[in-house]
Amino acid sequence: MANQDYYANLGVGEKATPDEIRSAFRKLAKKYHPDRNKGDKSAEEKFKEVNAAYETLSDPKKRAQYDEMRRLGATGVPPGGFRWGGAGGQQPGGYPPPGYDFGGGQGAEGFDLGDIGGGFADIFEQFFGGGRRSAGTTGTGRKASNRGEDVEVAAEIDFEIAVRGGPVTLSLVNNDVCPTCGGSGAAPGSKAQMCPNCQGRGTVVQGLGGFGVSRTCPQCAGRGTIITVPCPTCHGVGNLPREKQIRLNLKPGTNDGMRIRLKGQGAAGSKGQPAGDLYITFRVRGHESFTRKGNNLYTEVTINAVQAMLGTKVDVRTLDGNLRLTVPAGTQPGRKLRLRGKGVQDAQTGATGDLYVTIWVTVPRNLSEEDKAKLQEFARKAAVEM
């Protein structure tokens, strides 16, 4: 992680939104896809860099950790972490002490970063791990499940679909299992071999000032195996970015900010393991006539001064069509009238809110002298009656 500028790889700024990151990834993934650049090694490497960058920056938790790593790197911590050579090799300053075995043999006390706990263990591992953690390992370098990553997306939906419910189709780019190798990364007919560096454990022990630190094996990236003949389609990655459509049938009453989980619809797992989950946060577009607060709807109607004084009937738009509303005589500007049960049905309880209609009154600007005289006479009579 620390050796890669993922923002530069995608050509976006550090403040890029999820939509901007997704758009940049789509463009670059298509440009450098192996199918379009057969035999081009530079395009293959670029494709891997773009894929790795998107994997981190599209995940809010991974992106936050990556940003913290960049911040620490900018304050004097070496971007590649603290590295030493082979067994017995020393850097200026006398570290590590003579006799330490970097391969996990004599002199290592088996100190595990998991004993530190929390996010510190993850950041510490990133420095001493010398690069981006693979999806198959934990923050401490111990081998973990190859289950696919969870994916977070935001989806805009129309106002009436949100309140009424109905079918919604979403398009997204996600990593899917390579159809050629089935996610193994190995060419058909070939098999992955045990990593000779870690003997299949996925981790090695590195000496550090009197104790040994467990870290991800740099040769197999924590998988415990290495691919000798890469898959010609995914070039050993095991998955490919693909655009797919998700069809949902929303319940009535979907709120802005509501979040749902679709199990197994996230990024593909490796080596035949299950996919992660897809989390969708809904953003509801505004409406020309209604404002929503909870399960209640709000709208407005304008009448003239005479109608306000004498009372009238007006057509009001509801979710079920127009409704005739009686405005009582003497209605003042800003008065709210309630239509029970004409709001939004609650997605959980099924109860329905109300529709509140705010009445606004217009006053004529240009009156004839005759009209003014009539109004003055009306005002005198009204004053006497009061």
# chains A, B, ... in the order shown; residues from 1 in each chain; ligands from 1
>>> select_by_dssp(residues="segment 153-210 of chain A", states="helix (DSSP H, G or I)", output="PyMOL selection string")
chain A and resi 159-164
>>> closest_residue(among="A:Ile303, A:Leu337, A:Ile359, A:Leu297", to="Phe159 of chain A", atoms="only C-alpha atoms")
A:Leu297
>>> closest_residue(among="A:Lys372, A:Ala221, A:Ser58, A:Arg338", to="Asn197 of chain A", atoms="only C-alpha atoms")
A:Ala221
>>> closest_residue(among="A:Pro60, A:Gly257, A:Gly311, A:Gly334", to="Ile21 of chain A", atoms="only C-alpha atoms")
A:Pro60
>>> select_by_dssp(residues="segment 165-265 of chain A", states="strand (DSSP E or B)", output="ChimeraX atom specification")
/A:166-177,186,193-194,203-208,211-216,225-226,230,239-250,259-262
>>> atom_distance(atom1="atom CA of Glu55 of chain A", atom2="atom CA of Arg70 of chain A")
16.7 Å
>>> residues_around(residues="Glu243 of chain A", least_positions_apart="4", cutoff="8 Å", atoms="only C-alpha atoms", output="number ranges by chain")
A: 171-174
>>> write_last_selection(atoms="N, CA and C atoms", output="compact mmCIF listing (two decimals), in the first residue's frame")
# COMPACT_ATOMS: atom_id res chain seq x y z
N SER A 171 -26.97 -0.34 -12.17
CA SER A 171 -25.80 -0.79 -12.92
C SER A 171 -24.55 -0.46 -12.11
N LEU A 172 -23.64 -1.41 -11.99
CA LEU A 172 -22.40 -1.17 -11.26
C LEU A 172 -21.28 -2.02 -11.83
N VAL A 173 -20.04 -1.54 -11.60
CA VAL A 173 -18.85 -2.28 -12.01
C VAL A 173 -18.31 -2.99 -10.78
N ASN A 174 -18.07 -4.28 -10.90
CA ASN A 174 -17.62 -5.06 -9.76
C ASN A 174 -16.66 -6.14 -10.24
>>> closest_residue(among="A:Val177, A:Met309, A:Ala267, A:Val344", to="Glu160 of chain A", atoms="only C-alpha atoms")
A:Val344
>>> closest_residue(among="A:Thr291, A:Gln199, A:Asn175, A:Thr362", to="Gly276 of chain A", atoms="only C-alpha atoms")
A:Asn175
>>> atom_distance(atom1="atom CA of Gly13 of chain A", atom2="atom CA of Ala154 of chain A")
20.1 Å
>>> residues_around(residues="Gly343 of chain A", least_positions_apart="5", cutoff="8 Å", atoms="only C-alpha atoms", output="PyMOL selection string")
chain A and resi 295-297+319+352-355
>>> write_last_selection(atoms="C-alpha atoms", output="PDB file, in the first residue's frame")
ATOM      1  CA  ASN A 295     -44.169   9.345   6.531  1.00  0.00           C
ATOM      2  CA  ASN A 296     -45.912  12.704   6.081  1.00  0.00           C
ATOM      3  CA  LEU A 297     -46.081  14.652   2.828  1.00  0.00           C
ATOM      4  CA  LEU A 319     -50.093  10.157  -4.543  1.00  0.00           C
ATOM      5  CA  THR A 352     -49.685   5.503   6.440  1.00  0.00           C
ATOM      6  CA  GLY A 353     -48.841   9.137   7.158  1.00  0.00           C
ATOM      7  CA  ASP A 354     -50.846  12.257   6.281  1.00  0.00           C
ATOM      8  CA  LEU A 355     -50.713  14.932   3.584  1.00  0.00           C
TER       9      LEU A 355
END
>>> residues_around(residues="Pro252 of chain A", least_positions_apart="2", cutoff="12 Å", atoms="only C-alpha atoms", output="PyMOL selection string")
chain A and resi 159-167+249-250+254-255+295+343-352
>>> residues_around(residues="Gly11 of chain A", least_positions_apart="2", cutoff="12 Å", atoms="only C-alpha atoms", output="list in words")
Asp5, Tyr6, Tyr7, Ala8, Asn9, Gly13, Glu14, Lys15, Ala16, Glu20, Ile21, Arg22, Ser23, Ala24, Phe25, Arg26, Lys27, Leu28, Glu49, Val50, Ala53 and Tyr54 of chain A
>>> write_last_selection(atoms="C-alpha atoms", output="compact mmCIF listing (two decimals), in the first residue's frame")
# COMPACT_ATOMS: atom_id res chain seq x y z
CA ASP A 5 -0.07 6.07 -5.17
CA TYR A 6 -3.52 4.72 -5.86
CA TYR A 7 -4.95 8.17 -6.59
CA ALA A 8 -2.32 8.69 -9.29
CA ASN A 9 -2.99 5.20 -10.67
CA GLY A 13 -7.42 13.70 -6.66
CA GLU A 14 -7.33 12.82 -2.97
CA LYS A 15 -10.77 14.42 -2.49
CA ALA A 16 -12.36 12.42 -5.32
CA GLU A 20 -15.48 9.99 -9.66
CA ILE A 21 -13.37 7.01 -8.56
CA ARG A 22 -15.83 4.57 -10.12
CA SER A 23 -15.91 6.52 -13.39
CA ALA A 24 -12.11 6.71 -13.61
CA PHE A 25 -11.83 2.99 -12.91
CA ARG A 26 -14.32 2.07 -15.65
CA LYS A 27 -12.44 4.15 -18.20
CA LEU A 28 -9.00 2.78 -17.34
CA GLU A 49 -2.39 -1.38 -10.78
CA VAL A 50 -5.77 0.09 -11.70
CA ALA A 53 -6.22 0.97 -6.71
CA TYR A 54 -9.96 0.61 -7.19
